[in-house]
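Q: Structure provided below as structure tokens; questions to follow.
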Amino acid sequence: MNTIYLDNNATTCIAPEVREAMMPYFNERYGNPSSMHLFGGQIAKDIREAREKVAAFINADPSEIIFTSCGTESDNMAIHGCAEVLGNQARLITSRVEHPAVLGPCRHLRDKGHPLFEIPVDNLGQLDMDTYSAALKGDGKKLVSIMWANNETGVVFPIEKIAAMAKAAGAIIHTDAVQIAGKATIDVRKVPVDMLAISGHKIHAPKGIGCLYVRRGTRLRTFMIGGHQENGRRGGTENVAFIVALGVAVECAAAHQASEAQHLARLRDKLEQGLLATCPDARVNGDPLHRLPNTSNISFEFIEGEAILYHISDLGICASTGSACAAGSLEPSHVIRAMGVPFTAVHGSIRFSLSRYTTEAEIDYVLEKFPPVIKRLRDLSPFSKDSAPPIEL
Amino acid sequence: MWEYSDIVMDHFRNPRNVGKIENPDGTGTVGSLACGDALTLMFKLDENQRICDVKFQTFGCASAIASSSALTEMLAGKTVDEAEKLTNKDIAAFLGGLPDQKMHCSVMGREALEVAIHNYRTGESGIKHLDDHIICTCFGVSENEIRRIVTENSITNIEDVTNFCKAGGGCGMCQSDIQKIIDSVSSTRSLTPPSPAEQPRKALTNIQKIKLIEEVVEREIRPSLQKDGGDIELIDVVGNRVLIGFRGMCAGCQSSAFTKHDFIEAKLREFVSPEIIVVEEGE
Ligand SMILES: Cc1ncc(COP(=O)(O)O)c(C=O)c1O
């Protein structure tokens, strides 16, 4: 059975170009970039080139890029590293719909005494700008960490405006750009963020590599203290193969981006329209006008997401859900709930996320196989329309 | 992905006895859309008073569907009295086990059965009624339910209570109440004479116990409270229940419930007996 992989916001396959570029570092190019011999020194040059590629990808200077082990590390480095410099009175401002890589450190710091504001979102998942503006008011040091695009719904925040407001209020601003990277242009000369996180495995590089952009002049306490690597900002001998991989991955992403965005949006829309037309009682979660081109989050009312995923998995289709049951927690996705999605629809939310490798034939297959699964589970459900629920909702 | 047994996956992929029965003898519905799972169970009896037809409808995850389907197979051919003896553990065992976090699916099956039997016997509503004291308002779980689950499954911590019936897994506000239920069940559990090895502490007479409590309050508890401008009065000791009153700054203090549970009770349990329960006057 073929695998139809529509879970690219969770992780992506490694692009063939990227895989090939990494291979020498598992073989003959194993030198340590810090060594004082040509064998190692040539590796330092490879890292420098990768850094230049990543910098070019977001229009930054290479000296502003710190390689890290993942998106989560980048977010933690930004938030902890900056909060420590600002002191424990500093106010933290984030949104209710962040990835745990941001919400986790923010709440940890709140428990240690920092005031924390979690800005709500509206029904479309858009940031409540009035509350955000109010949270920025007042004196004192402030650190904002607000994501650029949401991993569950694909909703894209107006980060240029968010960052400009933060700067006007004298705050430091970090953005989690893990999901936007490769899907829209990132230009740190236009968007005045101080820090920005990227993760390799969302853009066809391997898992376990990321980077943090830190605008020149931004003070950050070192988090991983050790050798002089990354200019003393993150100790540890470099993960050379993966750093090279990230360089190639962003290069490919930049080369493909414009045509890719069109391709993704067309297939995504075909999938979404098709499912809405064939599955009654389904609704899209998110902001249709400000959304990643590859993401569709649909709630199928009266049924539960984990059951849907297991059935489609039997058909080779991979997606994900905001249902509580699947996460092993009891509470459904904090993102979907923050949007005020009605209870009838919360547990049955399914996220499809496409990549440049998704084909039209795959979308056609899903359009054929998916609706019968929904019907089957609805036939089982005591809440379906025709089974006259014995319970008041 | 969960590690579901082959039996769970089989019942999920090919659920048995799906649907409804016209004029059932008993019907039971538990759960809701908000909770994330719900089950309606119906049965009909033959002339020998045995279950000859049983059907279900489930809204829920793979293991909720499998638990419901398994339950219907287990019920077929049983009398109501026999059916009543089924526990959630039996359902889980029939399925070849369930992941810990999914045990509540088997509990839902058992509850629907209970409601259906009640409906059959009394003709009263076949929808779960929550007439006793609700502890977990997020998931609508009552004190009696938690007590039964703790007793039947020998549970000793809040996490397991959450795995079995979801209580405490939402906002978490009720976790201290759940702890109290666990404590009270485990104190009745330990009434069955423990083996000497489990009972290293010498049993105290009542007088000795009261004296010891007084000592611990003076030595370990009062000085800390006084540091914050508060005080404590020891009012009475009945069995393992210690009745106290907060005085000074502690009286009416927001965190006195926390102080009582996490500090005073903890100290008394450490120094006097692990069965001590601290109750505030007027509680
Ligand atoms: C928005 C967002 N931030 C951060 C992360 C964490 O990245 P990583 O898995 O590389 O730690 C992810 C992915 O899981 C994400 O989607």
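Letters A, B, ... go to the chains of the structure tokens in the order shown; residues in each chain start at 1; ligands are counted from 1 in the same order.
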Return as a Markdown table the residues of chain A lying at most 6 Å from ligand 1, together with the closest atom-to-atom pair for each and the distance in Å to one decimal, counting only C-alpha atoms and all ligand atoms, with rows in chain order and ascending residue number.

A:
```
| residue | atom | partner | partner_atom_place_in_ligand_line | distance |
| --- | --- | --- | --- | --- |
| A:Ala10 | CA | ligand 1 | 14 (O) | 5.9 |
| A:Cys70 | CA | ligand 1 | 10 (O) | 3.8 |
| A:Gly71 | CA | ligand 1 | 7 (O) | 3.6 |
| A:Thr72 | CA | ligand 1 | 11 (O) | 3.7 |
| A:His99 | CA | ligand 1 | 1 (C) | 5.0 |
| A:Ala101 | CA | ligand 1 | 4 (C) | 5.4 |
| A:Asn150 | CA | ligand 1 | 1 (C) | 5.9 |
| A:Asn151 | CA | ligand 1 | 16 (O) | 4.6 |
| A:Asp176 | CA | ligand 1 | 3 (N) | 5.8 |
| A:Val178 | CA | ligand 1 | 2 (C) | 5.0 |
| A:Gln179 | CA | ligand 1 | 1 (C) | 5.4 |
| A:Ser199 | CA | ligand 1 | 10 (O) | 4.6 |
```

Q: Would you save the residues from that selection as a short mmCIF file (atom, residue, chain, number, x, y, z; two decimals), in the first residue's frame, using N, CA, C and O atoms?

A:
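Wrote selection_33.cif, looks like this:
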```cif
data_model
loop_
_atom_site.label_atom_id
_atom_site.label_comp_id
_atom_site.auth_asym_id
_atom_site.auth_seq_id
_atom_site.Cartn_x
_atom_site.Cartn_y
_atom_site.Cartn_z
N ALA A 10 3.76 18.24 10.72
CA ALA A 10 4.39 17.47 11.80
C ALA A 10 5.85 17.23 11.48
O ALA A 10 6.74 17.49 12.29
N CYS A 70 17.24 22.13 17.23
CA CYS A 70 15.85 21.99 16.76
C CYS A 70 15.10 23.30 16.98
O CYS A 70 15.62 24.22 17.61
N GLY A 71 13.87 23.34 16.51
CA GLY A 71 13.03 24.51 16.70
C GLY A 71 12.79 24.78 18.18
O GLY A 71 12.79 25.93 18.62
N THR A 72 12.58 23.73 18.92
CA THR A 72 12.31 23.88 20.35
C THR A 72 13.49 24.54 21.05
O THR A 72 13.32 25.42 21.90
N HIS A 99 2.92 27.09 19.87
CA HIS A 99 3.42 25.72 20.02
C HIS A 99 3.95 25.57 21.46
O HIS A 99 4.41 26.54 22.06
N ALA A 101 6.63 24.65 22.41
CA ALA A 101 8.04 25.08 22.49
C ALA A 101 8.14 26.54 22.94
O ALA A 101 9.18 26.97 23.43
N ASN A 150 0.59 29.43 12.42
CA ASN A 150 0.20 28.40 13.37
C ASN A 150 0.31 27.01 12.77
O ASN A 150 -0.14 26.75 11.65
N ASN A 151 0.88 26.09 13.54
CA ASN A 151 1.09 24.73 13.05
C ASN A 151 -0.20 23.94 12.90
O ASN A 151 -0.29 23.06 12.06
N ASP A 176 8.30 32.65 16.34
CA ASP A 176 8.48 31.27 15.94
C ASP A 176 8.06 31.18 14.48
O ASP A 176 6.88 31.27 14.15
N VAL A 178 8.77 28.63 12.50
CA VAL A 178 8.99 27.24 12.10
C VAL A 178 8.04 26.83 10.96
O VAL A 178 8.44 26.15 10.03
N GLN A 179 6.79 27.26 11.02
CA GLN A 179 5.83 26.82 10.00
C GLN A 179 5.81 27.72 8.76
O GLN A 179 5.46 27.26 7.69
N SER A 199 13.07 25.52 12.07
CA SER A 199 13.41 24.12 12.32
C SER A 199 13.61 23.41 10.99
O SER A 199 12.81 23.58 10.06
#
```

Q: Among range 151-225 of chain B, which ones does DSSP place in helix (DSSP H, G or I), written as number ranges by chain?

A: B: 151-152, 158-165, 175-189, 196-198, 206-225

Q: Would you write out those residues with N, CA and C atoms, as a compact mmCIF listing (two decimals), in the first residue's frame?

A:
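Dumped everything to selection-v4.txt:
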```txt
# COMPACT_ATOMS: atom_id res chain seq x y z
N THR B 151 -11.86 2.09 44.42
CA THR B 151 -11.97 0.84 45.18
C THR B 151 -11.76 -0.37 44.27
N GLU B 152 -12.49 -0.40 43.15
CA GLU B 152 -12.45 -1.59 42.30
C GLU B 152 -11.08 -1.81 41.67
N ILE B 158 -3.73 10.17 41.85
CA ILE B 158 -4.69 10.96 41.06
C ILE B 158 -4.57 10.63 39.58
N GLU B 159 -3.34 10.43 39.11
CA GLU B 159 -3.12 10.18 37.69
C GLU B 159 -3.94 8.97 37.22
N ASP B 160 -3.96 7.93 38.03
CA ASP B 160 -4.73 6.75 37.64
C ASP B 160 -6.23 7.04 37.65
N VAL B 161 -6.67 7.84 38.61
CA VAL B 161 -8.09 8.21 38.62
C VAL B 161 -8.42 8.89 37.29
N THR B 162 -7.54 9.79 36.85
CA THR B 162 -7.76 10.49 35.59
C THR B 162 -7.77 9.52 34.41
N ASN B 163 -6.85 8.57 34.42
CA ASN B 163 -6.83 7.59 33.34
C ASN B 163 -8.10 6.76 33.28
N PHE B 164 -8.67 6.48 34.43
CA PHE B 164 -9.82 5.58 34.46
C PHE B 164 -11.14 6.30 34.22
N CYS B 165 -11.28 7.54 34.67
CA CYS B 165 -12.60 8.19 34.51
C CYS B 165 -12.48 9.65 34.10
N GLN B 175 -8.37 18.28 41.93
CA GLN B 175 -7.42 17.22 42.27
C GLN B 175 -7.27 16.99 43.77
N SER B 176 -7.40 18.06 44.56
CA SER B 176 -7.25 17.84 46.00
C SER B 176 -8.45 17.08 46.54
N ASP B 177 -9.64 17.30 45.93
CA ASP B 177 -10.81 16.53 46.36
C ASP B 177 -10.64 15.06 45.99
N ILE B 178 -10.07 14.83 44.82
CA ILE B 178 -9.85 13.44 44.41
C ILE B 178 -8.87 12.78 45.37
N GLN B 179 -7.84 13.53 45.75
CA GLN B 179 -6.87 12.97 46.69
C GLN B 179 -7.56 12.57 47.99
N LYS B 180 -8.52 13.40 48.42
CA LYS B 180 -9.24 13.08 49.66
C LYS B 180 -9.99 11.77 49.52
N ILE B 181 -10.61 11.57 48.35
CA ILE B 181 -11.36 10.33 48.15
C ILE B 181 -10.39 9.14 48.18
N ILE B 182 -9.25 9.30 47.49
CA ILE B 182 -8.26 8.22 47.50
C ILE B 182 -7.84 7.93 48.94
N ASP B 183 -7.58 9.01 49.69
CA ASP B 183 -7.14 8.83 51.08
C ASP B 183 -8.19 8.11 51.90
N SER B 184 -9.46 8.51 51.70
CA SER B 184 -10.48 7.90 52.55
C SER B 184 -10.70 6.45 52.15
N VAL B 185 -10.60 6.16 50.84
CA VAL B 185 -10.75 4.75 50.44
C VAL B 185 -9.57 3.94 50.97
N SER B 186 -8.36 4.53 50.89
CA SER B 186 -7.22 3.73 51.34
C SER B 186 -7.22 3.58 52.85
N SER B 187 -7.85 4.53 53.57
CA SER B 187 -7.90 4.33 55.02
C SER B 187 -8.89 3.22 55.38
N THR B 188 -9.99 3.09 54.62
CA THR B 188 -10.88 1.95 54.90
C THR B 188 -10.22 0.66 54.44
N ARG B 189 -9.43 0.77 53.34
CA ARG B 189 -8.73 -0.41 52.85
C ARG B 189 -7.82 -0.96 53.94
N PRO B 196 2.21 -7.51 59.74
CA PRO B 196 3.12 -6.76 60.61
C PRO B 196 4.20 -6.02 59.81
N ALA B 197 4.61 -6.61 58.70
CA ALA B 197 5.67 -5.98 57.92
C ALA B 197 5.24 -4.62 57.39
N GLU B 198 3.95 -4.50 57.05
CA GLU B 198 3.46 -3.23 56.51
C GLU B 198 3.21 -2.20 57.60
N ASN B 206 -5.56 6.08 71.72
CA ASN B 206 -6.15 7.37 71.38
C ASN B 206 -5.47 8.52 72.11
N ILE B 207 -5.22 8.29 73.42
CA ILE B 207 -4.58 9.34 74.23
C ILE B 207 -3.20 9.65 73.69
N GLN B 208 -2.44 8.57 73.37
CA GLN B 208 -1.09 8.78 72.83
C GLN B 208 -1.16 9.57 71.53
N LYS B 209 -2.14 9.21 70.71
CA LYS B 209 -2.24 9.85 69.41
C LYS B 209 -2.51 11.35 69.57
N ILE B 210 -3.46 11.69 70.46
CA ILE B 210 -3.80 13.10 70.64
C ILE B 210 -2.59 13.87 71.16
N LYS B 211 -1.87 13.25 72.10
CA LYS B 211 -0.68 13.92 72.64
C LYS B 211 0.35 14.18 71.53
N LEU B 212 0.53 13.15 70.71
CA LEU B 212 1.51 13.27 69.63
C LEU B 212 1.10 14.37 68.64
N ILE B 213 -0.19 14.40 68.33
CA ILE B 213 -0.68 15.44 67.42
C ILE B 213 -0.40 16.82 68.01
N GLU B 214 -0.67 16.94 69.30
CA GLU B 214 -0.42 18.23 69.96
C GLU B 214 1.06 18.62 69.86
N GLU B 215 1.90 17.66 70.11
CA GLU B 215 3.35 17.92 70.05
C GLU B 215 3.77 18.39 68.66
N VAL B 216 3.27 17.66 67.65
CA VAL B 216 3.66 17.98 66.28
C VAL B 216 3.16 19.38 65.89
N VAL B 217 1.94 19.70 66.34
CA VAL B 217 1.41 21.03 66.04
C VAL B 217 2.31 22.09 66.67
N GLU B 218 2.70 21.89 67.92
CA GLU B 218 3.53 22.88 68.61
C GLU B 218 4.91 23.01 67.97
N ARG B 219 5.48 21.87 67.64
CA ARG B 219 6.87 21.85 67.21
C ARG B 219 7.02 22.16 65.72
N GLU B 220 6.15 21.56 64.90
CA GLU B 220 6.37 21.59 63.45
C GLU B 220 5.48 22.59 62.71
N ILE B 221 4.31 22.86 63.29
CA ILE B 221 3.32 23.60 62.50
C ILE B 221 3.13 25.04 62.98
N ARG B 222 2.86 25.19 64.28
CA ARG B 222 2.52 26.52 64.77
C ARG B 222 3.61 27.56 64.49
N PRO B 223 4.88 27.24 64.74
CA PRO B 223 5.90 28.27 64.51
C PRO B 223 5.89 28.83 63.08
N SER B 224 5.68 27.96 62.08
CA SER B 224 5.68 28.45 60.70
C SER B 224 4.50 29.36 60.44
N LEU B 225 3.33 28.98 60.99
CA LEU B 225 2.15 29.80 60.74
C LEU B 225 2.32 31.15 61.43
```

Q: Asp46 in chain B: which residues within 10 Å, counting only C-alpha atoms, same-chain residues fewer than 6 positions away excluded, as an MDAnalysis selection string?

A: chainID B and resid 25 52:53 77 79

Q: Using C-alpha atoms, can you export the residues from the last selection as an mmCIF file, in the first residue's frame?

A:
```cif
data_model
loop_
_atom_site.group_PDB
_atom_site.id
_atom_site.type_symbol
_atom_site.label_atom_id
_atom_site.label_comp_id
_atom_site.auth_asym_id
_atom_site.auth_seq_id
_atom_site.Cartn_x
_atom_site.Cartn_y
_atom_site.Cartn_z
ATOM 1 C CA ASP B 25 -36.016 -3.567 27.856
ATOM 2 C CA CYS B 52 -31.033 -11.932 23.501
ATOM 3 C CA ASP B 53 -30.326 -8.707 21.685
ATOM 4 C CA GLY B 77 -26.876 -14.578 26.752
ATOM 5 C CA THR B 79 -29.172 -12.566 32.811
#
```

Q: Any chance you could tabulate, as CSV, the residues of chain A at most 6 Å from chain B with each one's nearest atom pair and distance in Å to one decimal, using only C-alpha atoms, in chain and rising number order?

A:
```
residue,atom,partner,partner_atom,distance
A:Ile303,CA,B:Phe59,CA,5.8
A:Glu304,CA,B:Gly60,CA,5.2
A:Glu306,CA,B:Cys61,CA,5.2
A:Ala307,CA,B:Cys61,CA,4.7
A:Leu330,CA,B:Gly169,CA,5.9
A:Phe343,CA,B:Ala34,CA,5.3
A:Thr344,CA,B:Leu33,CA,5.8
A:Leu380,CA,B:Gln57,CA,5.2
A:Ser381,CA,B:Phe59,CA,4.7
A:Pro382,CA,B:Gln57,CA,5.1
```

Q: What's the 10 Å shell around Leu98 in chain B, counting only C-alpha atoms, without same-chain residues fewer than 6 positions away, as a PDB file with all heavy atoms, in the first residue's frame?

A:
```pdb
ATOM      1  N   TRP B   2      -1.203   4.737  19.599  1.00  0.00           N
ATOM      2  CA  TRP B   2      -1.368   3.874  20.764  1.00  0.00           C
ATOM      3  C   TRP B   2      -1.003   2.446  20.404  1.00  0.00           C
ATOM      4  O   TRP B   2      -1.179   2.024  19.276  1.00  0.00           O
ATOM      5  CB  TRP B   2      -2.817   3.897  21.229  1.00  0.00           C
ATOM      6  CG  TRP B   2      -3.276   5.244  21.609  1.00  0.00           C
ATOM      7  CD1 TRP B   2      -4.084   6.065  20.884  1.00  0.00           C
ATOM      8  CD2 TRP B   2      -2.955   5.952  22.794  1.00  0.00           C
ATOM      9  NE1 TRP B   2      -4.282   7.239  21.552  1.00  0.00           N
ATOM     10  CE2 TRP B   2      -3.601   7.198  22.728  1.00  0.00           C
ATOM     11  CE3 TRP B   2      -2.186   5.650  23.924  1.00  0.00           C
ATOM     12  CZ2 TRP B   2      -3.505   8.148  23.741  1.00  0.00           C
ATOM     13  CZ3 TRP B   2      -2.089   6.595  24.929  1.00  0.00           C
ATOM     14  CH2 TRP B   2      -2.742   7.826  24.827  1.00  0.00           C
ATOM     15  N   GLU B   3      -0.541   1.715  21.403  1.00  0.00           N
ATOM     16  CA  GLU B   3      -0.309   0.296  21.161  1.00  0.00           C
ATOM     17  C   GLU B   3      -1.572  -0.471  21.534  1.00  0.00           C
ATOM     18  O   GLU B   3      -1.716  -0.946  22.649  1.00  0.00           O
ATOM     19  CB  GLU B   3       0.893  -0.188  21.975  1.00  0.00           C
ATOM     20  CG  GLU B   3       2.168   0.345  21.394  1.00  0.00           C
ATOM     21  CD  GLU B   3       3.403  -0.350  21.940  1.00  0.00           C
ATOM     22  OE1 GLU B   3       3.289  -1.478  22.464  1.00  0.00           O
ATOM     23  OE2 GLU B   3       4.471   0.259  21.842  1.00  0.00           O
ATOM     24  N   TYR B   4      -2.471  -0.535  20.596  1.00  0.00           N
ATOM     25  CA  TYR B   4      -3.705  -1.269  20.845  1.00  0.00           C
ATOM     26  C   TYR B   4      -3.481  -2.747  20.537  1.00  0.00           C
ATOM     27  O   TYR B   4      -2.743  -3.092  19.610  1.00  0.00           O
ATOM     28  CB  TYR B   4      -4.818  -0.744  19.940  1.00  0.00           C
ATOM     29  CG  TYR B   4      -5.371   0.602  20.327  1.00  0.00           C
ATOM     30  CD1 TYR B   4      -5.605   1.573  19.359  1.00  0.00           C
ATOM     31  CD2 TYR B   4      -5.699   0.903  21.649  1.00  0.00           C
ATOM     32  CE1 TYR B   4      -6.136   2.813  19.693  1.00  0.00           C
ATOM     33  CE2 TYR B   4      -6.232   2.138  21.995  1.00  0.00           C
ATOM     34  CZ  TYR B   4      -6.444   3.087  21.018  1.00  0.00           C
ATOM     35  OH  TYR B   4      -6.966   4.311  21.342  1.00  0.00           O
ATOM     36  N   SER B   5      -4.156  -3.599  21.289  1.00  0.00           N
ATOM     37  CA  SER B   5      -4.056  -5.035  21.021  1.00  0.00           C
ATOM     38  C   SER B   5      -4.778  -5.345  19.706  1.00  0.00           C
ATOM     39  O   SER B   5      -5.580  -4.548  19.209  1.00  0.00           O
ATOM     40  CB  SER B   5      -4.713  -5.816  22.158  1.00  0.00           C
ATOM     41  OG  SER B   5      -6.116  -5.662  22.074  1.00  0.00           O
ATOM     42  N   VAL B   8      -8.500  -5.173  20.193  1.00  0.00           N
ATOM     43  CA  VAL B   8      -9.045  -3.811  20.149  1.00  0.00           C
ATOM     44  C   VAL B   8      -9.200  -3.373  18.693  1.00  0.00           C
ATOM     45  O   VAL B   8     -10.257  -2.880  18.281  1.00  0.00           O
ATOM     46  CB  VAL B   8      -8.131  -2.814  20.912  1.00  0.00           C
ATOM     47  CG1 VAL B   8      -8.577  -1.375  20.661  1.00  0.00           C
ATOM     48  CG2 VAL B   8      -8.129  -3.106  22.404  1.00  0.00           C
ATOM     49  N   SER B  63     -10.563   3.097  20.899  1.00  0.00           N
ATOM     50  CA  SER B  63     -10.750   2.187  22.036  1.00  0.00           C
ATOM     51  C   SER B  63     -12.135   2.338  22.662  1.00  0.00           C
ATOM     52  O   SER B  63     -12.644   1.400  23.281  1.00  0.00           O
ATOM     53  CB  SER B  63      -9.649   2.381  23.074  1.00  0.00           C
ATOM     54  OG  SER B  63      -9.590   3.718  23.483  1.00  0.00           O
ATOM     55  N   SER B  67     -14.349  -0.875  23.054  1.00  0.00           N
ATOM     56  CA  SER B  67     -14.871  -1.251  24.380  1.00  0.00           C
ATOM     57  C   SER B  67     -16.377  -1.483  24.313  1.00  0.00           C
ATOM     58  O   SER B  67     -16.899  -2.419  24.916  1.00  0.00           O
ATOM     59  CB  SER B  67     -14.593  -0.156  25.410  1.00  0.00           C
ATOM     60  OG  SER B  67     -13.217   0.000  25.607  1.00  0.00           O
ATOM     61  N   LYS B  89     -12.794  -3.721  34.472  1.00  0.00           N
ATOM     62  CA  LYS B  89     -11.607  -4.564  34.299  1.00  0.00           C
ATOM     63  C   LYS B  89     -11.896  -5.753  33.390  1.00  0.00           C
ATOM     64  O   LYS B  89     -11.041  -6.177  32.613  1.00  0.00           O
ATOM     65  CB  LYS B  89     -11.171  -5.118  35.647  1.00  0.00           C
ATOM     66  CG  LYS B  89     -10.269  -4.224  36.446  1.00  0.00           C
ATOM     67  CD  LYS B  89      -9.821  -5.068  37.616  1.00  0.00           C
ATOM     68  CE  LYS B  89      -8.969  -4.392  38.604  1.00  0.00           C
ATOM     69  NZ  LYS B  89      -8.895  -5.134  39.851  1.00  0.00           N
ATOM     70  N   ILE B  91     -13.994  -5.805  30.956  1.00  0.00           N
ATOM     71  CA  ILE B  91     -14.046  -5.326  29.569  1.00  0.00           C
ATOM     72  C   ILE B  91     -12.619  -5.157  29.030  1.00  0.00           C
ATOM     73  O   ILE B  91     -12.290  -5.606  27.937  1.00  0.00           O
ATOM     74  CB  ILE B  91     -14.816  -3.990  29.469  1.00  0.00           C
ATOM     75  CG1 ILE B  91     -16.256  -4.179  29.958  1.00  0.00           C
ATOM     76  CG2 ILE B  91     -14.790  -3.453  28.039  1.00  0.00           C
ATOM     77  CD1 ILE B  91     -17.050  -2.882  30.079  1.00  0.00           C
ATOM     78  N   ALA B  92     -11.760  -4.547  29.844  1.00  0.00           N
ATOM     79  CA  ALA B  92     -10.369  -4.344  29.414  1.00  0.00           C
ATOM     80  C   ALA B  92      -9.681  -5.688  29.184  1.00  0.00           C
ATOM     81  O   ALA B  92      -8.943  -5.862  28.204  1.00  0.00           O
ATOM     82  CB  ALA B  92      -9.618  -3.511  30.450  1.00  0.00           C
ATOM     83  N   HIS B 104     -10.475   4.735  30.742  1.00  0.00           N
ATOM     84  CA  HIS B 104     -11.796   5.356  30.912  1.00  0.00           C
ATOM     85  C   HIS B 104     -12.801   4.856  29.873  1.00  0.00           C
ATOM     86  O   HIS B 104     -14.004   4.935  30.089  1.00  0.00           O
ATOM     87  CB  HIS B 104     -11.691   6.883  30.902  1.00  0.00           C
ATOM     88  CG  HIS B 104     -11.162   7.455  29.623  1.00  0.00           C
ATOM     89  ND1 HIS B 104     -11.958   7.678  28.537  1.00  0.00           N
ATOM     90  CD2 HIS B 104      -9.914   7.818  29.255  1.00  0.00           C
ATOM     91  CE1 HIS B 104     -11.225   8.172  27.557  1.00  0.00           C
ATOM     92  NE2 HIS B 104      -9.979   8.258  27.960  1.00  0.00           N
ATOM     93  N   CYS B 105     -12.301   4.342  28.739  1.00  0.00           N
ATOM     94  CA  CYS B 105     -13.219   3.791  27.737  1.00  0.00           C
ATOM     95  C   CYS B 105     -13.939   2.575  28.294  1.00  0.00           C
ATOM     96  O   CYS B 105     -15.129   2.377  28.047  1.00  0.00           O
ATOM     97  CB  CYS B 105     -12.459   3.401  26.467  1.00  0.00           C
ATOM     98  SG  CYS B 105     -11.735   4.810  25.618  1.00  0.00           S
ATOM     99  N   SER B 106     -13.216   1.732  29.038  1.00  0.00           N
ATOM    100  CA  SER B 106     -13.861   0.555  29.616  1.00  0.00           C
ATOM    101  C   SER B 106     -14.817   0.974  30.731  1.00  0.00           C
ATOM    102  O   SER B 106     -15.869   0.376  30.925  1.00  0.00           O
ATOM    103  CB  SER B 106     -12.813  -0.436  30.137  1.00  0.00           C
ATOM    104  OG  SER B 106     -12.090   0.116  31.217  1.00  0.00           O
TER     105      SER B 106
END
```

Q: Using only C-alpha atoms, pick whichever of A:Glu64, A:His256, A:Arg234, A:Ser320 has the shortest atom-to-atom distance to Asp7 in chain A.

A: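 Closest to Asp7 in chain A, using only C-alpha atoms: A:Ser320.
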
Q: With only C-alpha atoms as the atoms that count, which of B:Val150, B:Ile276, B:Ala83, B:Gly282 lies nearest to Val237 in chain B?

A: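 Ranking B:Val150, B:Ile276, B:Ala83, B:Gly282 by distance to Val237 in chain B, first place goes to B:Ile276.
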
Q: Mind checking which residues fall within 7 Å of Thr72 in chain B, counting only C-alpha atoms, ignoring those fewer than 4 positions away in the same chain, and posting them as a PyMOL selection string?

A: chain B and resi 17+54-55+68+76

Q: Using only C-alpha atoms, determine which residues lie at most 10 Å from Ile4 in chain A, disregarding the query and same-chain residues fewer than 2 positions distant; provide the list as a list in words.

A: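 What passes the distance filter is Met1, Asn2, Leu6, Asp7, Ile312, Ser313, Leu315, Gly316, Ile317, Cys318, Ala319, Leu354, Thr358, Thr359, Ala361, Glu362, Ile363, Tyr365 and Val366 of chain A.
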